[in-house]
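Report on one structure; see the data block that follows.
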Amino acid sequence: MNNAHPHASVAPAAAAHHAVVSPEDWLARRKALMAREKELARLGDEIARERRALPWERVAKDYVFDTPDGPRRLGELFAGRRQLVVQHFMFGPGWEQGCPSCSFMADHTDGMTIHLEHRDVTFIAVSRATLPEIERFKARMGWKFDWVSSAGNDFNRDFHVSFDPEDRVEGTAFVDPEKADLAKSQVYYNYALTPFPNTEAPGVSVFWKDAESGEVFHTYSTFGRGVEVMMGAYRMLDLVPKGRDERDTFYKMEWVRHHDRYAPEPARSCCASAAAQTSEA
């Protein structure tokens with residue numbers, strides 16, 4: 001269990017170690033960086049086109065999920081739309097709660113689902129936890145998005161986001177003292193054999209449903225850091241002076257908590273700071 005304080009700073013004080021320049025110099029440097037940002041945006045557009053051009057694979061297996069509305073096949077999860085985005089949410093059967101990092105991802109979801117729906121996209125989360133376990137945790141977190149259980153099918157294993165003992169092979173030692181029992185095994189994750197310390201893994205998968213035939217096709221999946229596509233807070237942190245402010249450790253997201261498990265943050269305001277300075281004077 002990680003005991004690091006979630007608000008602990010790992011970056012040096014920005015003002016004490018950073019260059020301060022004239023407005024003219026700042027503008028010149030900002031314009032140079034903007035040119036690089038535009039390069040990145042154009043590259044992102046190019047990769048998005050290549051992503052859409054990827055060939056598809058037909059989903060031949062008849063996956064049936066446990067949902068609040070009863071058993072539903074994969075094709076029924078599209079809710080009348082042609083595109084489906086699935087968050088592979090790390091939440092195994094018997095777990096007390098879902099993964100904090102996957103919960104961090106899910107905290108961004110409810111506000112965007114209405115916009116996705118107006119672009120012919122349905123969003124859903126899928127976990128191997130039982131439906132009662134999912135519903136209990138979902139209620140605690142206050143989420144509204146659809147979330148179903150794959151406990152009764154092979155969906156998670158087929159998409160390589162859940163691993164049973166027989167899925168593991170001997171491999172390179174994995175340096176994580178909290179997972180010593182899994183330290184010398186690898187699983188097939190993120191399109192390669194890799195050391196992985198958990199029985200569940202994060203991912204995002206995309207599917208298309210043919211309106212006439214009803215056939216479902218797998219169009220894209222991303223894993224590892226690819227799931228940051230759902231982490232808008234990271235994009236904001238990348239803008240600020242301290243950045244993501246994470247320790248140089250294997251699990252960079254050790255600071256993340258479920259949103260109802262953070263310690264209270266002390267109130268801070270310009271007025272309070274001014275009052276404190278006045279009293280000290």
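Identifiers for the structure tokens are assigned positionally: chains receive A, B, ... in sequence, residues are indexed from 1 per chain, and ligands are indexed from 1 in the order shown.
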Practice task
Name all residues at most 12 Å from range 103-109 of chain A (count only C-alpha atoms; drop same-chain ones fewer than 5 positions away) and give them as a PyMOL selection string.
Solution key: chain A and resi 85-91+97-98+114-116+122-126+137-138+140-147+202-204+225-235+253-261
Exercise for the section: Using DSSP on the backbone coordinates, identify the residues of range 47-215 of chain A assigned to helix (DSSP H, G or I); present them as a ChimeraX atom specification. Expected result: /A:47-53,74-78,100-106,110-117,131-141,155-158,165-167,177-182
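Closest approach to Tyr63 in chain A among A:Lys31, A:Arg42, A:Arg157, A:Arg136 is made by A:Arg157 (distances from only C-alpha atoms).
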Handout entry: Residue contacts of Leu54 in chain A (12 Å, only C-alpha atoms) excluding same-chain residues fewer than 6 positions away, as number ranges by chain
Key = A: 47-48, 206, 217-221
Practice task
Excluding Val148 in chain A and any residue of its chain fewer than 2 positions from it, enumerate the residues within 10 Å of it, using only C-alpha atoms, and give them as a ChimeraX atom specification.
Solution key: /A:65-72,77,124-131,134-135,146,150-151
Practice task
Would you please give, as a VMD selection string, all residues of range 36-165 of chain A that DSSP assigns to strand (DSSP E) based on the backbone?
Solution key: chain A and resid 57 to 58 64 to 67 70 to 73 83 to 88 121 to 127 147 to 149
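CA of Asp248 in chain A lies 23.9 Å from CA of Glu265 in chain A.
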